[in-house]
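K.L.:
Questions regarding the structure given below will be posed in turn.
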Amino acid sequence: MGTIRVGIDVGGTFTDFTVLDDETGAMRHFKVSSTPHDPSEAIETGIASFPERGLSAADVVHFGHGTTVATNMVIERRGGRTGLLTTEGFRDVLEIGRQTRPDLFDMSVRKPDPLVARALRLEVTERLGPDGAVILPLDEDGVATAARRFRQEEVEAIAIGFLHAYRNPAHEQRAAAIIREFLPDVFISLSSDVLPEFREYERISTTVMNAYLMPRMDGYLDRFMKRSRKTGVEAKPYTIHSNGGLMSTETARNYPVRTCLSGPAAGVVGAALVGKAAAFPDIITYDVGGTSTDVALIAGGKPAYSADRDVAGYSIRCPMVDVSVIGAGGGSIAWLDDAGGLKVGPQSAAAVPGPAAYGKGGTEATITDANIVLQRLNPVALLDGAMPVDREAALKAVSAVAEKIGRSVEDTAWGIIRIAVANMARAIRAVSMDKGHDLKQFALMAFGGAGPLHAALVAAETGLETVIIPESPGTMCARGVLLSDVTRDFVSTQIKRAEGESWEEITSAVAALEEQASAWLEAETIPDDKRALQHIVEARYAGQNHEIRVEGVLTTAQDFAARFAEAHKVVYGYALDDHPVEIVNLRVQAIGHAGRPLQTVASATGSIAAAKVGEREVYVGPERGWLTLPVYKRALMPQGEAFSGPAIIEELTSTAYVLPDQEGVVDAYGNIILKFVKGRA
Amino acid sequence: MQQHVKPPREFDAIEMEVYSNRFMSITDEMGLSLVRSSFSTNIKERKDCSVGLFDGKGRLIVQASHIPVHLGSLQGGVAAVLENFKPEDIRPGDAFICNDPYLAGGSHTPDISILTPVFHDGRLCFFAANLGHHSDVGGGVPGSCDPSQTSIFAEGLRIPVLKIAREGVLDEQIVKLISTNSRDPLERVLDLKVQIATNEIGRRKLVALADQFGIATVERAVDDLIAYSESRLRKRIKDLPDGVYTGEAFIDGDGVGHEPCRIQVAIKVEEDGITFDFTGTDVQARGAVNIPKTALDATCYYTIKALLDPTLPPNEGMALPVTIVAEEGTLVRPKFPAAVGIRSTSCQRVVRAIFQAFADVLPKEKVFASSADMNATMIFFGPHKMREGNFVYLETVGGGAGASLTHDGMNGIQVHITNTSNLPAEALEIEYPLMVRRYALADGSGGEGHTVGGMGIIREVVAMTDGIRANASSEGLRTPADGVFGGGAGEVAHLKFGTVDGKTTEYDISITNILMNRGDSLFLQTPGGGGFGRASRPEASGE
């Protein structure tokens, strides 16, 4: 019986595998082409290749994957035909939402059509009060009538969302039981189960999306399980959810809406663990792909979370790693508007036709082309020589832009990169400000294919002093899957003053959540010594309508008030003395420790000088023009020996550009750490 | 703003874009700080605030507005500082405050601006500015605004341009004067301090930018940005055929009586310049629906962005090709001391008149029928459910948007100069002794047409205890949203009061201070949007 752990990230182009040998600590990565028609096919192909890589599927003890199946289903509107059953008078809540329009100035920007058409949004007489008491009993005949209608309409999934069901699920549960009699095979999703929190639009919208995703997700997971068994993997497969934790296949089947941010969340979790091991608990992640850049904040080793988010224009609410996405990546196209302003993105040449230099039909200048013109990217070939590059084509594309603005080709390429960097820097400032942090305490962790290429420039623009380029920056998401824990949140809305009599009700509600959480850990067969519970309270000052998170076990009301004040100060910059605090949601997160700490890696044996595999002319800016820069091969760079910029560092899937006023060193985990040095340059 | 005669200067295409991001980073941070740190619901949740940066001459560099009616209205405040204070009296560490529509470029009294001069090497180079809507600044009614007010003196405290901080020292006495005049003094103190701190962030970031890249480079970039926006807007205007295009719209009443008031606009397009001429608009209203200058400017800039170029960077260059003409003593340029508190209702109708005028000149795919632009509100007050004291709960209700060539109008949505959220029924019922009986789209309320107007919203609220008082008002109870190119008008608004025993009374004017006992209900249906083109299908809207 061997012991290997496998983390898989299913991306649009490639499916990345990271395999960790538990005995030796050795980690390796490989990728296979993705199969968008059935993403599990690429997973099977990858595992089937284990023998030729000297691995055995039978040795797998931990098996997890991140997937974009749910997100793509929403974007492409390929979910199941879904019906909604709701309280009389409220079927249009799903469409009205918060009654705001998506663009302040452009009336042609529309909200997407609701996932349930108006004709399939049915109402039934019933009503609960805000305390959960029954004001109007459930009209069971009405439910039966609705069920017949759903059957006639051949819906595949039904969402049930009644007002105040988060306080009392009885009506929703009874309605589900009645519908089951008519439609035994239909997928049913209850708002009191998916999101037992107040605010009807967000709860119903989330429940509807869950129902919409269930039929296809179920089919995907069936195929995934079948294929993984076929390849001989016996370990229980996990899926990473938007929270950055892992969940079992059964949980993913019932709550597919929780996988909407699966991939990016995995990358952030991976970054947090790499940062923690390397003694950088405060990090801003900077993941630059072909069409977009993901930015997230990690403070004190923990990713920042958000509860609300739009997925393809639909509002969902569930705990998610807070990832901001901007439309600038390596393939972003530089263009001139009719008033003569130079813009970069959000249009992208993507994989096809791709940057002009890749010779796949692209003719427009992209950020990648600008980097090839300036020779920051290898002007001959990428991927260790496997992918030839046509610098002439890049020059031609950038020259076309240069002519229009009357500048030299170098100036223009440099300008394209500066505009992209200014745009990315704006996103980085925003994520740190949004949570009330001081940017200066953070290190920038760059990954994704094009992250290391621009990280130093972005750090200089934002005033960040340290840049971390983790080992294998192209596989961060797959590593995150490997290092994550199994988690699930249990929530209860309890709008009560955090004082006096209601304090006891609050603590007993927490006890009930703890019981549910423990039962779930039991059901997930997590061993006792791997279990933990984390407590989070969402609270506000009475009179406010926005909650903040306070972490930690509840003891006394006084202690809670003090911790709330502290947290409020961090997020909002002030606290109010003697102002009553109101608890809104209680949250207990069940954690099964499945991950293991990051291990150090063996150092290359030679010197930095020996890691220098060549030199090339690189344009560093208008003052200094073209300089001859050393080109290092990352795999040959030893740990602990400092090197100075300017320099280029190449590895298989990415290239790093080190500025003249930076120094760097490779640490014991294989990360490259770059720092600005005052007075150099 | 005077018409510009010189062609815009050349600008550096790269620097312009790089600095556009850098300046927006600063307003992002200021905006986040203002929303995050403020206490009042109005700023924190409804985001009824704006931030902006100006150069030392008072030219707008960038403005981030969550509410379009603020667009460019910080300019009035900065201009007032420069007019009222000699250069040697503007010192580092000073901060200015103002709100007055007649003396300091304000647009109504609750909008308080804070303007902070920014010095570099001893020279006044920039202003950091922000504006917040304070929920109450005193006056005759809670909230300081009510259509029936007939004088600016009834609309709360008037603040001319004053120094609220001198060389880094906050004037606590002015803060106290302002908070004392408010029905919620604590909110005022906290929010004013946050506004001052917000500008301080802007000041620090601007100084850091000048230190890092050199003040000359930064100032050149400001010129570039302004030249760029100007040149871009002139191109958009040049694409329009020259001519004079007219539009008109009516508000249901002047705030006191119920005779409709007319707003008239003639839009003159000449080469690459545009004039909005409001000559012919009715005389100023007796009530508070008059539009002060900066609110009219903001409304015109909103329509320019919405109709000609939604992503146009809002800076001084946006104003240079535009001339706005309004006769003093009219609804759109009231004489002191006319009341102006409810100006946004009339601003919405100015938008309608301008959209109508542009229907004749824009390509058909850019034209929209009229929307439910009515600022419908429901206000409830009564004894609090969970604690001592009284509650006041205000809801603004969206309506149907106008149809366009290719799409039906959006259903149940906020349009034009406002975009505020609803309060969830569950949140409302937890907090207040009220119950929402229905929150739904009004079937068939959109105007007929080739594409139909959006549906209005029905919101019906029931009192769960005796002794609740309510106000409800909506424009469009009598004047519908018109269709365009033969499309039908949307259904008008409906307002009903139902008693517990089943009697219903329908109103065609606002309801003020009505008593609700347990089981009584208030019903508001907002107008539908107008249709586009003649109907070719039998069903107007619905399932």
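Each chain in the structure tokens gets a letter, A, B, ..., in the order shown, and its residues are numbered from 1; ligands are numbered from 1 in order too.
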Using only C-alpha atoms, which chain B residues lie at most 7 Å away from chain A, written as a ChimeraX atom specification?
P.N.:
/B:13-14,17-18,21-22,25,28-29,32,36-37,41,228,231-232,305-306,310,398,412-414,419-422,424,426-427,429-430,437-441,543
K.L.:
Store the residues picked out above, limited to C-alpha atoms, as a tab-separated table (two decimals), in the first residue's frame.
P.N.:
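As written to disk, out-v5.tsv reads:
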```
chain	number	residue	atom	x	y	z
B	13	ALA	CA	-2.10	58.19	-25.69
B	14	ILE	CA	-0.06	56.07	-23.27
B	17	GLU	CA	-4.39	55.78	-20.00
B	18	VAL	CA	-1.75	55.02	-17.35
B	21	ASN	CA	-5.90	54.26	-13.92
B	22	ARG	CA	-3.72	55.96	-11.32
B	25	SER	CA	-7.12	54.15	-8.03
B	28	ASP	CA	-11.52	54.05	-5.69
B	29	GLU	CA	-9.74	54.23	-2.36
B	32	LEU	CA	-14.29	52.67	-0.49
B	36	ARG	CA	-16.89	51.59	4.49
B	37	SER	CA	-16.32	54.01	7.35
B	41	THR	CA	-27.47	53.96	6.07
B	228	TYR	CA	-8.94	63.18	-24.32
B	231	SER	CA	-11.95	65.22	-28.02
B	232	ARG	CA	-13.86	61.96	-27.58
B	305	LYS	CA	-23.10	59.70	-21.08
B	306	ALA	CA	-26.22	57.51	-21.31
B	310	PRO	CA	-21.57	55.53	-21.43
B	398	GLY	CA	-38.47	51.00	-9.26
B	412	GLY	CA	-39.09	46.46	-12.20
B	413	ILE	CA	-35.90	48.45	-12.16
B	414	GLN	CA	-34.50	51.85	-11.13
B	419	ASN	CA	-30.24	53.28	-8.70
B	420	THR	CA	-31.05	52.47	-5.08
B	421	SER	CA	-31.86	48.98	-3.76
B	422	ASN	CA	-35.03	47.74	-2.15
B	424	PRO	CA	-35.91	42.73	1.42
B	426	GLU	CA	-37.84	39.56	5.30
B	427	ALA	CA	-35.53	42.28	6.62
B	429	GLU	CA	-40.69	42.23	8.68
B	430	ILE	CA	-37.96	41.38	11.17
B	437	ARG	CA	-48.41	41.16	1.14
B	438	ARG	CA	-47.21	41.37	-2.43
B	439	TYR	CA	-44.03	42.34	-4.22
B	440	ALA	CA	-44.55	41.59	-7.86
B	441	LEU	CA	-44.42	42.81	-11.42
B	543	GLU	CA	-46.43	35.62	-19.23
```
K.L.:
Extract, using only C-alpha atoms, all DNA, RNA and protein residues at most 9 Å from Lys47 (chain B), discarding same-chain residues fewer than 6 positions from it, and format them as a ChimeraX atom specification.
P.N.:
/B:35,41,65-67,132-133,420
K.L.:
Please, could you write that set of residues out with all heavy atoms as a PDB file, in the first residue's frame?
P.N.:
```pdb
ATOM      1  N   VAL B  35     -17.605  54.872   1.955  1.00  0.00           N
ATOM      2  CA  VAL B  35     -18.718  53.937   2.123  1.00  0.00           C
ATOM      3  C   VAL B  35     -18.479  53.027   3.330  1.00  0.00           C
ATOM      4  O   VAL B  35     -19.363  52.775   4.134  1.00  0.00           O
ATOM      5  CB  VAL B  35     -18.922  53.111   0.835  1.00  0.00           C
ATOM      6  CG1 VAL B  35     -19.886  51.963   1.065  1.00  0.00           C
ATOM      7  CG2 VAL B  35     -19.410  54.005  -0.288  1.00  0.00           C
ATOM      8  N   THR B  41     -27.000  54.899   7.089  1.00  0.00           N
ATOM      9  CA  THR B  41     -27.472  53.959   6.075  1.00  0.00           C
ATOM     10  C   THR B  41     -27.368  54.565   4.685  1.00  0.00           C
ATOM     11  O   THR B  41     -27.023  53.898   3.723  1.00  0.00           O
ATOM     12  CB  THR B  41     -28.959  53.656   6.342  1.00  0.00           C
ATOM     13  OG1 THR B  41     -29.067  53.289   7.702  1.00  0.00           O
ATOM     14  CG2 THR B  41     -29.476  52.547   5.486  1.00  0.00           C
ATOM     15  N   SER B  65     -19.095  58.494  -9.138  1.00  0.00           N
ATOM     16  CA  SER B  65     -20.437  58.746  -8.600  1.00  0.00           C
ATOM     17  C   SER B  65     -21.224  57.452  -8.587  1.00  0.00           C
ATOM     18  O   SER B  65     -21.222  56.717  -9.554  1.00  0.00           O
ATOM     19  CB  SER B  65     -21.204  59.729  -9.489  1.00  0.00           C
ATOM     20  OG  SER B  65     -20.469  60.906  -9.654  1.00  0.00           O
ATOM     21  N   HIS B  66     -21.891  57.182  -7.500  1.00  0.00           N
ATOM     22  CA  HIS B  66     -22.801  56.048  -7.467  1.00  0.00           C
ATOM     23  C   HIS B  66     -24.194  56.491  -7.875  1.00  0.00           C
ATOM     24  O   HIS B  66     -25.055  55.695  -8.189  1.00  0.00           O
ATOM     25  CB  HIS B  66     -22.839  55.442  -6.067  1.00  0.00           C
ATOM     26  CG  HIS B  66     -21.475  55.058  -5.565  1.00  0.00           C
ATOM     27  ND1 HIS B  66     -20.801  53.985  -6.071  1.00  0.00           N
ATOM     28  CD2 HIS B  66     -20.668  55.623  -4.652  1.00  0.00           C
ATOM     29  CE1 HIS B  66     -19.624  53.894  -5.468  1.00  0.00           C
ATOM     30  NE2 HIS B  66     -19.522  54.876  -4.600  1.00  0.00           N
ATOM     31  N   ILE B  67     -24.410  57.796  -7.800  1.00  0.00           N
ATOM     32  CA  ILE B  67     -25.709  58.384  -8.089  1.00  0.00           C
ATOM     33  C   ILE B  67     -25.460  59.447  -9.168  1.00  0.00           C
ATOM     34  O   ILE B  67     -24.772  60.423  -8.919  1.00  0.00           O
ATOM     35  CB  ILE B  67     -26.274  59.088  -6.830  1.00  0.00           C
ATOM     36  CG1 ILE B  67     -26.271  58.143  -5.624  1.00  0.00           C
ATOM     37  CG2 ILE B  67     -27.640  59.677  -7.098  1.00  0.00           C
ATOM     38  CD1 ILE B  67     -27.376  57.137  -5.553  1.00  0.00           C
ATOM     39  N   GLY B 132     -21.602  63.725   0.541  1.00  0.00           N
ATOM     40  CA  GLY B 132     -22.446  62.677   1.092  1.00  0.00           C
ATOM     41  C   GLY B 132     -23.850  63.216   1.311  1.00  0.00           C
ATOM     42  O   GLY B 132     -24.009  64.388   1.684  1.00  0.00           O
ATOM     43  N   HIS B 133     -24.843  62.371   1.054  1.00  0.00           N
ATOM     44  CA  HIS B 133     -26.221  62.776   1.356  1.00  0.00           C
ATOM     45  C   HIS B 133     -26.475  62.468   2.826  1.00  0.00           C
ATOM     46  O   HIS B 133     -26.532  61.300   3.216  1.00  0.00           O
ATOM     47  CB  HIS B 133     -27.200  62.017   0.460  1.00  0.00           C
ATOM     48  CG  HIS B 133     -28.640  62.395   0.693  1.00  0.00           C
ATOM     49  ND1 HIS B 133     -29.489  62.727  -0.312  1.00  0.00           N
ATOM     50  CD2 HIS B 133     -29.370  62.491   1.834  1.00  0.00           C
ATOM     51  CE1 HIS B 133     -30.690  63.013   0.194  1.00  0.00           C
ATOM     52  NE2 HIS B 133     -30.635  62.874   1.504  1.00  0.00           N
ATOM     53  N   THR B 420     -31.111  52.975  -6.446  1.00  0.00           N
ATOM     54  CA  THR B 420     -31.047  52.475  -5.077  1.00  0.00           C
ATOM     55  C   THR B 420     -31.765  51.127  -4.942  1.00  0.00           C
ATOM     56  O   THR B 420     -32.699  50.830  -5.673  1.00  0.00           O
ATOM     57  CB  THR B 420     -31.683  53.479  -4.102  1.00  0.00           C
ATOM     58  OG1 THR B 420     -32.968  53.823  -4.600  1.00  0.00           O
ATOM     59  CG2 THR B 420     -30.842  54.730  -3.985  1.00  0.00           C
TER      60      THR B 420
END
```
K.L.:
May I have the residues within 6 Å of region 52-60 of chain B as a PyMOL selection string, using only C-alpha atoms and disregarding those fewer than 5 positions away in the same chain?
P.N.:
chain B and resi 78+124-129+315-316
K.L.:
Quick check for you: according to DSSP on this backbone, which residues of region 164-199 of chain A are classed as alpha helix (DSSP H)? Reply as a ChimeraX atom specification.
P.N.:
/A:170-182,191-194
K.L.:
Which neighbours of Gly528 (chain B) fall inside 12 Å, counting only C-alpha atoms, when residues of the same chain fewer than 2 positions from it are skipped, and could you give them as a PyMOL selection string?
P.N.:
chain B and resi 369-374+398-403+408-415+441-448+452-458+476-477+479-483+488-494+525-526+530-531+540-542
K.L.:
I need the residues from that last selection saved to file as a PDB file, in the first residue's frame (with C-alpha atoms), if you can.
P.N.:
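Contents of the output file out.pdb:
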```
ATOM      1  CA  ALA B 369     -38.974  54.897 -25.025  1.00  0.00           C
ATOM      2  CA  SER B 370     -39.694  56.733 -21.758  1.00  0.00           C
ATOM      3  CA  SER B 371     -39.213  54.882 -18.531  1.00  0.00           C
ATOM      4  CA  ALA B 372     -41.029  54.899 -15.215  1.00  0.00           C
ATOM      5  CA  ASP B 373     -38.835  57.778 -14.074  1.00  0.00           C
ATOM      6  CA  MET B 374     -40.904  58.683 -11.044  1.00  0.00           C
ATOM      7  CA  GLY B 398     -38.473  50.996  -9.263  1.00  0.00           C
ATOM      8  CA  GLY B 399     -40.663  50.707 -12.331  1.00  0.00           C
ATOM      9  CA  GLY B 400     -40.639  49.651 -15.956  1.00  0.00           C
ATOM     10  CA  ALA B 401     -37.859  50.774 -18.270  1.00  0.00           C
ATOM     11  CA  GLY B 402     -38.542  52.001 -21.782  1.00  0.00           C
ATOM     12  CA  ALA B 403     -38.335  49.587 -24.705  1.00  0.00           C
ATOM     13  CA  ASP B 408     -38.447  44.913 -24.303  1.00  0.00           C
ATOM     14  CA  GLY B 409     -37.890  47.376 -21.480  1.00  0.00           C
ATOM     15  CA  MET B 410     -36.412  45.881 -18.309  1.00  0.00           C
ATOM     16  CA  ASN B 411     -39.053  44.980 -15.710  1.00  0.00           C
ATOM     17  CA  GLY B 412     -39.091  46.457 -12.205  1.00  0.00           C
ATOM     18  CA  ILE B 413     -35.898  48.455 -12.164  1.00  0.00           C
ATOM     19  CA  GLN B 414     -34.497  51.851 -11.135  1.00  0.00           C
ATOM     20  CA  VAL B 415     -33.774  54.175 -14.011  1.00  0.00           C
ATOM     21  CA  LEU B 441     -44.422  42.806 -11.425  1.00  0.00           C
ATOM     22  CA  ALA B 442     -47.599  44.510 -12.631  1.00  0.00           C
ATOM     23  CA  ASP B 443     -48.942  42.359 -15.478  1.00  0.00           C
ATOM     24  CA  GLY B 444     -49.607  44.259 -18.677  1.00  0.00           C
ATOM     25  CA  SER B 445     -48.329  47.585 -17.338  1.00  0.00           C
ATOM     26  CA  GLY B 446     -45.676  48.006 -20.037  1.00  0.00           C
ATOM     27  CA  GLY B 447     -46.642  50.066 -23.074  1.00  0.00           C
ATOM     28  CA  GLU B 448     -47.512  48.120 -26.208  1.00  0.00           C
ATOM     29  CA  VAL B 452     -42.999  46.386 -25.077  1.00  0.00           C
ATOM     30  CA  GLY B 453     -42.195  48.597 -22.129  1.00  0.00           C
ATOM     31  CA  GLY B 454     -40.979  47.066 -18.880  1.00  0.00           C
ATOM     32  CA  MET B 455     -43.509  46.180 -16.200  1.00  0.00           C
ATOM     33  CA  GLY B 456     -43.926  48.350 -13.137  1.00  0.00           C
ATOM     34  CA  ILE B 457     -43.747  46.989  -9.596  1.00  0.00           C
ATOM     35  CA  ILE B 458     -46.610  46.304  -7.181  1.00  0.00           C
ATOM     36  CA  GLY B 476     -46.752  59.319 -12.977  1.00  0.00           C
ATOM     37  CA  LEU B 477     -50.100  58.889 -11.222  1.00  0.00           C
ATOM     38  CA  THR B 479     -48.659  61.315 -16.601  1.00  0.00           C
ATOM     39  CA  PRO B 480     -47.631  57.995 -18.172  1.00  0.00           C
ATOM     40  CA  ALA B 481     -44.289  57.033 -19.697  1.00  0.00           C
ATOM     41  CA  ASP B 482     -44.678  57.666 -23.409  1.00  0.00           C
ATOM     42  CA  GLY B 483     -43.914  55.219 -26.160  1.00  0.00           C
ATOM     43  CA  GLY B 488     -47.916  52.781 -26.591  1.00  0.00           C
ATOM     44  CA  ALA B 489     -47.574  54.585 -23.260  1.00  0.00           C
ATOM     45  CA  GLY B 490     -47.036  52.520 -20.135  1.00  0.00           C
ATOM     46  CA  GLU B 491     -49.762  52.221 -17.546  1.00  0.00           C
ATOM     47  CA  VAL B 492     -49.816  55.063 -15.000  1.00  0.00           C
ATOM     48  CA  ALA B 493     -49.060  54.536 -11.322  1.00  0.00           C
ATOM     49  CA  HIS B 494     -51.780  53.444  -8.895  1.00  0.00           C
ATOM     50  CA  GLN B 525     -48.140  50.160  -8.397  1.00  0.00           C
ATOM     51  CA  THR B 526     -45.408  52.022 -10.244  1.00  0.00           C
ATOM     52  CA  GLY B 530     -43.178  53.019 -22.863  1.00  0.00           C
ATOM     53  CA  GLY B 531     -43.264  50.739 -25.914  1.00  0.00           C
ATOM     54  CA  ALA B 540     -48.667  43.419 -24.862  1.00  0.00           C
ATOM     55  CA  SER B 541     -46.880  41.830 -21.966  1.00  0.00           C
ATOM     56  CA  GLY B 542     -47.322  39.286 -19.254  1.00  0.00           C
TER      57      GLY B 542
END
```
K.L.:
For Cys300 (chain B), please output as a ChimeraX atom specification all residues within 9 Å (counting only C-alpha atoms; exclusion window: fewer than 4 positions along the same chain).
P.N.:
/B:276,295-296,304-305,322,324,350-351,354
K.L.:
Counting only C-alpha atoms, which of B:Lys163, B:His120, B:Arg352, B:Arg262 gets nearest to Arg203 (chain B)?
P.N.:
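Under the stated criterion, the closest residue is B:His120.
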K.L.:
In Å, with one decimal, what is the gap from CA of His37 (chain A) to CA of Asp218 (chain A)?
P.N.:
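Spanning CA of His37 (chain A) to CA of Asp218 (chain A) is a straight-line distance of 15.1 Å.
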K.L.:
CA of Ile179 (chain A) and CA of Val134 (chain A), how far apart in Å?
P.N.:
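Between CA of Val134 (chain A) and CA of Ile179 (chain A) the gap works out to 20.7 Å.
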K.L.:
Which residues come within 9 Å of Ser191 (chain A), counting only C-alpha atoms, excluding same-chain residues fewer than 4 positions away, as a PyMOL selection string?
P.N.:
chain A and resi 159-162+165-166+169+172+195-197+203-204+206-208
K.L.:
Using the selection just defined, write its residues with C-alpha atoms as a PDB file, in the first residue's frame.
P.N.:
```
ATOM      1  CA  ALA A 159     -36.525  25.067  -6.267  1.00  0.00           C
ATOM      2  CA  ILE A 160     -38.774  25.727  -3.278  1.00  0.00           C
ATOM      3  CA  GLY A 161     -38.345  29.092  -1.576  1.00  0.00           C
ATOM      4  CA  PHE A 162     -40.894  30.349   0.966  1.00  0.00           C
ATOM      5  CA  ALA A 165     -38.307  29.469   5.698  1.00  0.00           C
ATOM      6  CA  TYR A 166     -34.854  29.989   7.228  1.00  0.00           C
ATOM      7  CA  PRO A 169     -38.456  24.735   7.196  1.00  0.00           C
ATOM      8  CA  GLU A 172     -40.876  23.801   2.439  1.00  0.00           C
ATOM      9  CA  LEU A 195     -29.096  28.800   2.442  1.00  0.00           C
ATOM     10  CA  PRO A 196     -30.972  29.125   5.739  1.00  0.00           C
ATOM     11  CA  GLU A 197     -30.378  32.897   5.941  1.00  0.00           C
ATOM     12  CA  ARG A 203     -31.765  32.946  -0.735  1.00  0.00           C
ATOM     13  CA  ILE A 204     -34.206  32.127  -3.538  1.00  0.00           C
ATOM     14  CA  THR A 206     -29.094  30.793  -4.745  1.00  0.00           C
ATOM     15  CA  THR A 207     -31.599  27.955  -4.339  1.00  0.00           C
ATOM     16  CA  VAL A 208     -32.790  28.347  -7.920  1.00  0.00           C
TER      17      VAL A 208
END
```
K.L.:
Compare B:Arg188, B:Val161, B:Gln173, B:Val141 by their minimum atom-to-atom distance to Phe39 (chain B), counting only C-alpha atoms, and give me the closest one.
P.N.:
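For Phe39 (chain B), the nearest of the candidates is B:Arg188.
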K.L.:
Which neighbours of Pro388 (chain A) fall inside 12 Å, counting only C-alpha atoms, when residues of the same chain fewer than 6 positions from it are skipped, and could you give them as a ChimeraX atom specification?
P.N.:
/A:357-360,372,377-382
K.L.:
Figure out the distance between CA of Ala80 (chain B) and CA of Leu103 (chain B), please, to one decimal in Å.
P.N.:
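These two atoms are separated by 7.6 Å.
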K.L.:
DSSP on the backbone, strand (DSSP E or B) only: what residues of region 52-113 of chain B does that give? Format it as a VMD selection string.
P.N.:
chain B and resid 52 to 55 60 to 65 95 to 98 111 to 113
K.L.:
Okay, now the selection with N, CA, C and O atoms, as a compact mmCIF listing (two decimals), in the first residue's frame?
P.N.:
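As a result, again-v4.txt now contains:
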```txt
# COMPACT_ATOMS: atom_id res chain seq x y z
N GLY B 52 -14.29 62.94 -5.83
CA GLY B 52 -13.66 63.47 -7.03
C GLY B 52 -12.33 64.13 -6.75
O GLY B 52 -12.01 64.46 -5.60
N LEU B 53 -11.55 64.29 -7.81
CA LEU B 53 -10.29 65.01 -7.72
C LEU B 53 -10.34 66.17 -8.71
O LEU B 53 -10.87 66.03 -9.81
N PHE B 54 -9.78 67.31 -8.29
CA PHE B 54 -9.74 68.51 -9.13
C PHE B 54 -8.32 69.02 -9.20
O PHE B 54 -7.52 68.74 -8.31
N ASP B 55 -8.01 69.79 -10.23
CA ASP B 55 -6.71 70.43 -10.22
C ASP B 55 -6.82 71.77 -9.47
O ASP B 55 -7.90 72.15 -9.00
N LEU B 60 -12.23 69.50 -13.02
CA LEU B 60 -12.46 68.12 -12.60
C LEU B 60 -11.49 67.17 -13.31
O LEU B 60 -11.36 67.19 -14.54
N ILE B 61 -10.77 66.35 -12.53
CA ILE B 61 -9.85 65.35 -13.11
C ILE B 61 -10.57 64.01 -13.24
O ILE B 61 -10.51 63.34 -14.25
N VAL B 62 -11.23 63.60 -12.18
CA VAL B 62 -11.99 62.34 -12.21
C VAL B 62 -13.05 62.39 -11.12
O VAL B 62 -12.82 62.98 -10.05
N GLN B 63 -14.20 61.81 -11.40
CA GLN B 63 -15.24 61.72 -10.38
C GLN B 63 -15.84 60.33 -10.38
O GLN B 63 -16.10 59.76 -11.44
N ALA B 64 -16.01 59.76 -9.19
CA ALA B 64 -16.68 58.47 -9.07
C ALA B 64 -18.01 58.71 -8.39
O ALA B 64 -18.05 59.12 -7.24
N SER B 65 -19.10 58.49 -9.14
CA SER B 65 -20.44 58.75 -8.60
C SER B 65 -21.22 57.45 -8.59
O SER B 65 -21.22 56.72 -9.55
N ALA B 95 -9.67 72.32 5.37
CA ALA B 95 -10.73 71.59 4.67
C ALA B 95 -11.95 72.49 4.67
O ALA B 95 -12.23 73.18 5.66
N PHE B 96 -12.66 72.50 3.54
CA PHE B 96 -13.83 73.37 3.40
C PHE B 96 -15.11 72.53 3.39
O PHE B 96 -15.10 71.38 2.97
N ILE B 97 -16.18 73.18 3.85
CA ILE B 97 -17.49 72.50 3.86
C ILE B 97 -18.52 73.42 3.23
O ILE B 97 -18.42 74.66 3.35
N CYS B 98 -19.51 72.85 2.55
CA CYS B 98 -20.62 73.66 2.04
C CYS B 98 -21.78 72.76 1.63
O CYS B 98 -21.59 71.56 1.44
N ASP B 111 -27.11 67.24 0.79
CA ASP B 111 -25.83 66.89 0.17
C ASP B 111 -24.75 67.83 0.67
O ASP B 111 -24.64 68.98 0.23
N ILE B 112 -23.92 67.34 1.59
CA ILE B 112 -22.86 68.18 2.15
C ILE B 112 -21.54 67.80 1.49
O ILE B 112 -21.16 66.62 1.45
N SER B 113 -20.84 68.81 0.95
CA SER B 113 -19.55 68.58 0.31
C SER B 113 -18.42 68.96 1.24
O SER B 113 -18.52 69.93 2.00
```
K.L.:
Restricting the calculation to only C-alpha atoms, which member of A:Val6, A:Ile536, A:Val486, A:Ala42 is positioned closest to Arg28 (chain A)?
P.N.:
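Closest to Arg28 (chain A) of all the choices is A:Val6.
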K.L.:
Measuring between only C-alpha atoms, which one of B:Tyr19, B:Pro147, B:Leu190, B:Arg183 shows the shortest distance to Lys44 (chain B)?
P.N.:
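Using only C-alpha atoms, Lys44 (chain B) sits closest to B:Leu190.
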